[in-house]
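Accompanying notes for the structure given below.
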Amino acid sequence: GFTASELRYALASAHYRQPLNFVAKDKMGNETFESLHAARQALNKLARAERELRTAAGESEVPTFASLLDQDIELGPFIPAWEALLGDLNTPDCLGKTFTALKETHDDPKNAWLALHIILAGLGIILPVEESVEVPQEIQEKAQKRWEAKQARDWATADALRDEVTESGWQIKDAKEGFEVVPAE
């Protein structure tokens, strides 16, 4: 149930000179795929950050590798990530520094967006495509009631409604001015 991108990310998250175990045992002795689950979560975070930069840059399409080569791109905050990649192919450090660079404020979002794609291309990482998922009306209504309870500081009701939404396989992400309902990760 894992994608090729998730496998590639899991491989890139470990240094090539170190062993990597895909299968780990939990406390009950059951096999788990923690590294692949972590890769899935990291790719989803990268994809969200990429979409935010793409929107801020006013772009609608993901750039092709060829189009990246045709542009004069300053790596800016992504320089440490690129240097980590060039330094003995330290892919785990490159990934960590990429996430650090994404947390920074970008004066030129288009350049930052292109620089991110340079790093992703260097790592051979393909981000998951955003799937349009329609939130069921019942879940949306519960999330709205939760938001209203939260605004009224009725924490018990808000927590109970959040738990109901979570048990249904959805997650509520709060923001200053509202909320978003997304499939649970």
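Within each chain, counting starts at residue 1; across the structure tokens, chains are named A, B, ... in the order shown, with ligands numbered 1 upward in that order.
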
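Near Thr157 (chain A), within 12 Å and counting only C-alpha atoms, sit A:Lys142, A:Ala143, A:Gln144, A:Lys145, A:Arg146, A:Trp147, A:Glu148, A:Ala149, A:Lys150, A:Gln151, A:Ala152, A:Arg153, A:Asp154, A:Trp155, A:Asp159, A:Ala160, A:Leu161, A:Arg162, A:Asp163, A:Glu164; same-chain residues fewer than 2 positions away were not included.
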
Practice item. Enumerate the residues of region 1-57 of chain A with a DSSP assignment of strand (DSSP E or B), computed from the backbone, and present them as a ChimeraX atom specification. Key: /A:24-25,31-32

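Take the candidates A:Thr55, A:Leu89, A:Ala66, A:Phe179 and check each one against Arg17 (chain A) using only C-alpha atoms; the shortest distance goes to A:Leu89.
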
Practice item. Find the residue from A:Lys173, A:Arg8, A:His15, A:Lys110 that sits nearest to Val62 (chain A); use only C-alpha atoms when measuring. Key: A:Lys110

Exercise for review: Write out as a VMD selection string the residues lying within 10 Å of Ser35 (chain A), counting only C-alpha atoms and excluding same-chain residues fewer than 4 positions away.
Suggested key: chain A and resid 6 to 7 9 to 11 13 to 14 20 to 24 39 to 41

Review point. Which polymer residues have any atom within 7 Å of an atom of Ala101 (chain A), counting only C-alpha atoms, with same-chain residues fewer than 4 positions away left out, as a ChimeraX atom specification?
Key: /A:77-78,97

Practice item. Identify, with DSSP run on backbone atoms, the residues in region 69-177 of chain A assigned to helix (DSSP H, G or I), and express the list as JSON, numbers by chain. Key: {"A": [69, 76, 77, 78, 79, 80, 81, 82, 83, 84, 85, 86, 91, 92, 93, 94, 95, 96, 97, 98, 99, 100, 101, 102, 103, 109, 110, 111, 112, 113, 114, 115, 116, 117, 118, 119, 120, 121, 122, 123, 137, 138, 139, 140, 141, 142, 143, 144, 145, 146, 147, 148, 149, 150, 151, 155, 156, 157, 158, 159, 160, 161, 162, 163, 164, 165, 166, 167]}

Since we have the selection now, will you write its residues out, keeping C-alpha atoms, as a PDB file, in the first residue's frame?
```
ATOM      1  CA  LEU A  69      17.228  24.256 -16.253  1.00  0.00           C
ATOM      2  CA  GLY A  76      18.460  31.417  -1.200  1.00  0.00           C
ATOM      3  CA  PRO A  77      17.349  29.662   2.001  1.00  0.00           C
ATOM      4  CA  PHE A  78      17.727  26.303   0.222  1.00  0.00           C
ATOM      5  CA  ILE A  79      21.508  26.720  -0.145  1.00  0.00           C
ATOM      6  CA  PRO A  80      22.258  24.678   3.023  1.00  0.00           C
ATOM      7  CA  ALA A  81      20.052  21.856   1.700  1.00  0.00           C
ATOM      8  CA  TRP A  82      21.869  21.880  -1.650  1.00  0.00           C
ATOM      9  CA  GLU A  83      25.269  21.955   0.069  1.00  0.00           C
ATOM     10  CA  ALA A  84      24.247  18.967   2.214  1.00  0.00           C
ATOM     11  CA  LEU A  85      23.322  17.090  -0.941  1.00  0.00           C
ATOM     12  CA  LEU A  86      26.657  17.963  -2.529  1.00  0.00           C
ATOM     13  CA  THR A  91      20.332  13.171   1.770  1.00  0.00           C
ATOM     14  CA  PRO A  92      18.978  13.079   5.364  1.00  0.00           C
ATOM     15  CA  ASP A  93      20.647  16.415   6.137  1.00  0.00           C
ATOM     16  CA  CYS A  94      19.397  17.810   2.827  1.00  0.00           C
ATOM     17  CA  LEU A  95      15.818  16.849   3.705  1.00  0.00           C
ATOM     18  CA  GLY A  96      16.106  18.369   7.182  1.00  0.00           C
ATOM     19  CA  LYS A  97      17.494  21.609   5.801  1.00  0.00           C
ATOM     20  CA  THR A  98      14.768  21.688   3.166  1.00  0.00           C
ATOM     21  CA  PHE A  99      12.102  21.623   5.871  1.00  0.00           C
ATOM     22  CA  THR A 100      14.007  24.358   7.733  1.00  0.00           C
ATOM     23  CA  ALA A 101      14.083  26.505   4.585  1.00  0.00           C
ATOM     24  CA  LEU A 102      10.358  26.026   4.091  1.00  0.00           C
ATOM     25  CA  LYS A 103       9.681  27.501   7.547  1.00  0.00           C
ATOM     26  CA  PRO A 109       7.915  33.124  -3.370  1.00  0.00           C
ATOM     27  CA  LYS A 110       8.352  32.210  -7.046  1.00  0.00           C
ATOM     28  CA  ASN A 111      12.102  31.834  -6.673  1.00  0.00           C
ATOM     29  CA  ALA A 112      11.645  29.868  -3.413  1.00  0.00           C
ATOM     30  CA  TRP A 113       9.127  27.629  -5.158  1.00  0.00           C
ATOM     31  CA  LEU A 114      11.559  26.988  -8.018  1.00  0.00           C
ATOM     32  CA  ALA A 115      14.443  26.435  -5.575  1.00  0.00           C
ATOM     33  CA  LEU A 116      12.353  23.839  -3.733  1.00  0.00           C
ATOM     34  CA  HIS A 117      11.814  22.046  -7.028  1.00  0.00           C
ATOM     35  CA  ILE A 118      15.571  22.074  -7.707  1.00  0.00           C
ATOM     36  CA  ILE A 119      16.119  20.292  -4.362  1.00  0.00           C
ATOM     37  CA  LEU A 120      13.295  17.825  -5.037  1.00  0.00           C
ATOM     38  CA  ALA A 121      14.700  17.083  -8.495  1.00  0.00           C
ATOM     39  CA  GLY A 122      18.159  16.564  -6.998  1.00  0.00           C
ATOM     40  CA  LEU A 123      16.686  14.039  -4.591  1.00  0.00           C
ATOM     41  CA  GLN A 137     -22.077  16.945   4.617  1.00  0.00           C
ATOM     42  CA  GLU A 138     -22.480  15.255   8.030  1.00  0.00           C
ATOM     43  CA  ILE A 139     -18.764  15.663   8.783  1.00  0.00           C
ATOM     44  CA  GLN A 140     -18.775  19.277   7.602  1.00  0.00           C
ATOM     45  CA  GLU A 141     -21.756  20.027   9.861  1.00  0.00           C
ATOM     46  CA  LYS A 142     -20.066  18.447  12.895  1.00  0.00           C
ATOM     47  CA  ALA A 143     -16.912  20.436  12.180  1.00  0.00           C
ATOM     48  CA  GLN A 144     -18.969  23.642  11.953  1.00  0.00           C
ATOM     49  CA  LYS A 145     -20.729  22.866  15.264  1.00  0.00           C
ATOM     50  CA  ARG A 146     -17.324  22.181  16.809  1.00  0.00           C
ATOM     51  CA  TRP A 147     -16.042  25.545  15.573  1.00  0.00           C
ATOM     52  CA  GLU A 148     -19.067  27.284  17.082  1.00  0.00           C
ATOM     53  CA  ALA A 149     -18.618  25.439  20.392  1.00  0.00           C
ATOM     54  CA  LYS A 150     -14.949  26.383  20.394  1.00  0.00           C
ATOM     55  CA  GLN A 151     -15.787  30.039  19.786  1.00  0.00           C
ATOM     56  CA  TRP A 155     -14.468  22.934  25.332  1.00  0.00           C
ATOM     57  CA  ALA A 156     -16.236  19.686  26.281  1.00  0.00           C
ATOM     58  CA  THR A 157     -18.620  19.882  23.322  1.00  0.00           C
ATOM     59  CA  ALA A 158     -15.825  20.984  20.982  1.00  0.00           C
ATOM     60  CA  ASP A 159     -13.630  18.061  22.070  1.00  0.00           C
ATOM     61  CA  ALA A 160     -16.482  15.546  21.732  1.00  0.00           C
ATOM     62  CA  LEU A 161     -17.310  16.753  18.215  1.00  0.00           C
ATOM     63  CA  ARG A 162     -13.631  16.705  17.200  1.00  0.00           C
ATOM     64  CA  ASP A 163     -13.401  13.099  18.447  1.00  0.00           C
ATOM     65  CA  GLU A 164     -16.482  12.137  16.408  1.00  0.00           C
ATOM     66  CA  VAL A 165     -14.978  13.686  13.276  1.00  0.00           C
ATOM     67  CA  THR A 166     -11.637  11.955  13.923  1.00  0.00           C
ATOM     68  CA  GLU A 167     -13.319   8.574  14.459  1.00  0.00           C
TER      69      GLU A 167
END
```

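The environment of Arg51 (chain A) within 10 Å, counting only C-alpha atoms and disregarding residues fewer than 2 places along the same chain, consists of Lys45, Leu46, Ala47, Arg48, Ala49, Leu53, Arg54, Thr55, Ala56, Ala57, Glu59, Ser60, Glu61, Val62, Trp113, Val129 and Glu130 of chain A.
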
Point to revise | Between CA of Leu43 (chain A) and CA of Ser5 (chain A) - distance in Å to one decimal | key: 8.3 Å

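Taking only C-alpha atoms into account, Asn90 (chain A) lies nearest to A:Ala12 out of the set A:Pro128, A:Gln171, A:Ala4, A:Ala12.
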
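You will find CA of Asp108 (chain A) at 18.2 Å from CA of Asp70 (chain A).
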
Practice item. Measure the distance from CA of Glu52 (chain A) to CA of Ala175 (chain A) in Å and round it to one decimal. Key: 14.7 Å
